[in-house]
Amino acid sequence: MIFVGGVPFSSSSQGNTLVALMEDPILVSASNSFKAIPERKFSVSEESGMDRLTKNKWVYLFQREYGTVDPAFVDFVGTDEATTCVGIVIRNKKNGMTSVSHMDSPNIVDMGLSQMLLHVVDHNMDAELDVHLVGGFEDVSPNHAYSSTRSESQEQLDGHSFPLCAKIVEALFTRPENFHVQTLFVLGHNTRKDSEGNAYPIFHGLVVETSTGLVTPACFDRTSRCPDEIVRRIRVTSAYEDRSWSGKLLETYDTQTDQFRIASCCWSFRQKYISLTLQSLSDSEILLSCSTSPSAEAPDFVDNLKRKWEYLIEHPDWRETFPRKQPRVFERAGDGGWKRL
């Protein structure tokens with residue numbers, strides 16, 4: 001069940017629930033306020049000139065990952081690099097338990113929400129849950145995406161952002177928990193256009209201050225996207241080959257122990273040859289081949305892919321990375337960062 005402004009939200013048609021929410025005056029006002037917040041830039045490096053995370057305890061989540069954090073252990077939890085993806089925050093108002101995920105497909109929404117809620121609800125179905133959605137943009141014409149009468153061939157032109165956002169809202173609307181939507185900064189609200197009319201996301205990420213529940217726009221540099229950056233990036237791709245992850249978000253962070261436990265994921269030797277082929281492409285060809293929104297990606301998108309491919313070429317056998325299918329475990333270091341056990 002969805003609440004807006006403390007009142008149950010109702011829509012005459014389930015298919016139009018997202019459109020109705022996007023037009024709700026309370027959420028429109030919240031989006032305008034969110035848009036005016038300066039984006040926080042996080043880093044561990046002393047020379048970056050960004051918000052330094054040293055001495056703060058943070059959890060960073062990559063695409064298709066989720067993590068549920070206890071404010072007693074974690075100061076900040078966030079994600080970025082979202083273009084057509086959506087960052088979701090679900091926070092228990094009573095105890096502060098906060099779950100964040102980086103959804104990339106409608107196919108993982110139902111199971112993904114169940115994974116997120118496992119430690120947030122804690123068997124209390126009446127818990128008041130604050131929800132924030134940030135990400136996605138108008139990667140197709142809004143007139144087409146919002147149309148309620150579309151043929152099967154037209155469905156293929158829906159882009160990526162709208163179907164994902166629609167599925168998330170539908171799932172929240174039909175679940176029994178009480179979801180109080182505070183931020184719906186997606187699609188048109190999260191879209192800017194250049195002088196030629198090309199659309200881009202305004203923000204690519206978010207961060208939650210766990211003690212207060214404050215959600216702000218955020219981006220992270222390479223030093224703060226940790227631990228185990230490259231392996232976690234590879235898991236996103238390999239999860240599509242590994243049936244054990246079908247329909248699920250990737251397990252990453254252990255709520256009870258405040259550890260990163262990078263669960264094993266296998267990939268085939270074919271990934272080595274795919275990587276070798278992709279490495280030979282130009283940067284523009286890589287964007288066209290590997291992105292759902294080539295013109296909207298961050299400047300480091302191609303470099304991140306190249307570093308991932310280099311690892312797959314050097315480690316074609318997944319068992320080198322996950323011996324005996326054991327997780328890669330990282331515990332909290334003294335400076336708030338991470339060290340491998």
# chains A, B, ... in the order shown; residues from 1 in each chain; ligands from 1
>>> select_by_dssp(residues="region 153-285 of chain A", states="strand (DSSP E or B)", output="PyMOL selection string")
chain A and resi 178-186+191-193+199-201+206-209+214-220+250-251+253-254+259-262
>>> residues_around(residues="Phe173 (chain A)", least_positions_apart="5", cutoff="12 Å", atoms="only C-alpha atoms", output="PyMOL selection string")
chain A and resi 1-4+8-11+13-18+21+110+166-168+178-181
>>> write_last_selection(atoms="C-alpha atoms", output="PDB file, in the first residue's frame")
ATOM      1  CA  MET A   1       0.000   0.000   0.000  1.00  0.00           C
ATOM      2  CA  ILE A   2       1.247   3.467  -0.902  1.00  0.00           C
ATOM      3  CA  PHE A   3       0.765   6.556   1.250  1.00  0.00           C
ATOM      4  CA  VAL A   4       1.429  10.158   0.198  1.00  0.00           C
ATOM      5  CA  PRO A   8      -3.501   6.168   1.408  1.00  0.00           C
ATOM      6  CA  PHE A   9      -2.970   6.761  -2.292  1.00  0.00           C
ATOM      7  CA  SER A  10      -5.628   5.458  -4.662  1.00  0.00           C
ATOM      8  CA  SER A  11      -5.655   5.301  -8.437  1.00  0.00           C
ATOM      9  CA  SER A  13      -6.298   2.336 -12.887  1.00  0.00           C
ATOM     10  CA  GLN A  14      -3.283   0.355 -11.746  1.00  0.00           C
ATOM     11  CA  GLY A  15      -1.549   1.070 -15.056  1.00  0.00           C
ATOM     12  CA  ASN A  16      -1.750   4.802 -14.390  1.00  0.00           C
ATOM     13  CA  THR A  17      -0.586   4.721 -10.762  1.00  0.00           C
ATOM     14  CA  LEU A  18       2.894   5.955 -11.707  1.00  0.00           C
ATOM     15  CA  LEU A  21       1.974   9.787  -8.453  1.00  0.00           C
ATOM     16  CA  ASP A 110       9.299  -8.311  -6.928  1.00  0.00           C
ATOM     17  CA  ALA A 166       6.108   1.539 -13.480  1.00  0.00           C
ATOM     18  CA  LYS A 167       6.957  -1.927 -12.164  1.00  0.00           C
ATOM     19  CA  ILE A 168       8.398  -0.553  -8.916  1.00  0.00           C
ATOM     20  CA  ASN A 178       2.783   0.601   4.441  1.00  0.00           C
ATOM     21  CA  PHE A 179       5.028   2.562   2.062  1.00  0.00           C
ATOM     22  CA  HIS A 180       5.118   6.315   2.651  1.00  0.00           C
ATOM     23  CA  VAL A 181       6.526   7.730  -0.593  1.00  0.00           C
TER      24      VAL A 181
END
>>> residues_around(residues="region 71-76 of chain A", least_positions_apart="2", cutoff="6 Å", atoms="only C-alpha atoms", output="list in words")
Lys57, Trp58, Val208, Glu209, Thr210 and Ser211 of chain A
>>> residues_around(residues="region 298-307 of chain A", least_positions_apart="4", cutoff="8 Å", atoms="only C-alpha atoms", output="MDAnalysis selection string")
chainID A and resid 81 230 279 283 286:287 311
>>> atom_distance(atom1="CA of Gly87 (chain A)", atom2="CA of Tyr66 (chain A)")
9.6 Å
>>> residues_around(residues="Glu128 (chain A)", least_positions_apart="3", cutoff="9 Å", atoms="only C-alpha atoms", output="list of chain:residue names")
A:Arg91, A:Asn92, A:Lys93, A:Lys94, A:Val121, A:Met125, A:Glu177, A:Asn178, A:Phe179, A:His180
>>> residues_around(residues="Arg319 (chain A)", least_positions_apart="3", cutoff="10 Å", atoms="only C-alpha atoms", output="list in words")
Ser264, Cys265, Cys266, Trp267, His315, Pro316, Phe322, Pro323, Arg324, Lys325 and Gln326 of chain A
>>> closest_residue(among="A:Thr183, A:Asn56, A:Ser280, A:Asn95", to="Lys35 (chain A)", atoms="only C-alpha atoms")
A:Thr183
>>> closest_residue(among="A:Pro327, A:Pro38, A:Gly67, A:Gly5", to="Leu113 (chain A)", atoms="only C-alpha atoms")
A:Gly67
>>> residues_around(residues="Lys248 (chain A)", least_positions_apart="3", cutoff="7 Å", atoms="only C-alpha atoms", output="compact mmCIF listing (two decimals) with N, CA and C atoms, in the first residue's frame")
# COMPACT_ATOMS: atom_id res chain seq x y z
N ILE A 108 13.59 -7.96 -11.64
CA ILE A 108 14.10 -8.21 -10.29
C ILE A 108 13.34 -7.44 -9.22
N MET A 111 11.10 -9.83 -6.35
CA MET A 111 12.00 -10.52 -5.42
C MET A 111 12.92 -9.53 -4.73
N GLY A 112 13.34 -8.51 -5.45
CA GLY A 112 14.24 -7.52 -4.88
C GLY A 112 13.63 -6.78 -3.71
N TRP A 245 21.01 -16.50 -9.57
CA TRP A 245 20.69 -15.10 -9.28
C TRP A 245 19.50 -14.60 -10.09
>>> atom_distance(atom1="CA of Asn32 (chain A)", atom2="CA of Ser295 (chain A)")
24.6 Å
>>> atom_distance(atom1="CA of Ala296 (chain A)", atom2="CA of Asp139 (chain A)")
9.3 Å
>>> closest_residue(among="A:Ala171, A:Val100, A:Leu184, A:Ile313", to="Val28 (chain A)", atoms="only C-alpha atoms")
A:Leu184
>>> closest_residue(among="A:Leu312, A:Leu276, A:Val134, A:Leu187", to="Pro163 (chain A)", atoms="only C-alpha atoms")
A:Leu187
>>> closest_residue(among="A:Val186, A:Ala30, A:Val77, A:Cys226", to="Pro201 (chain A)", atoms="only C-alpha atoms")
A:Val186
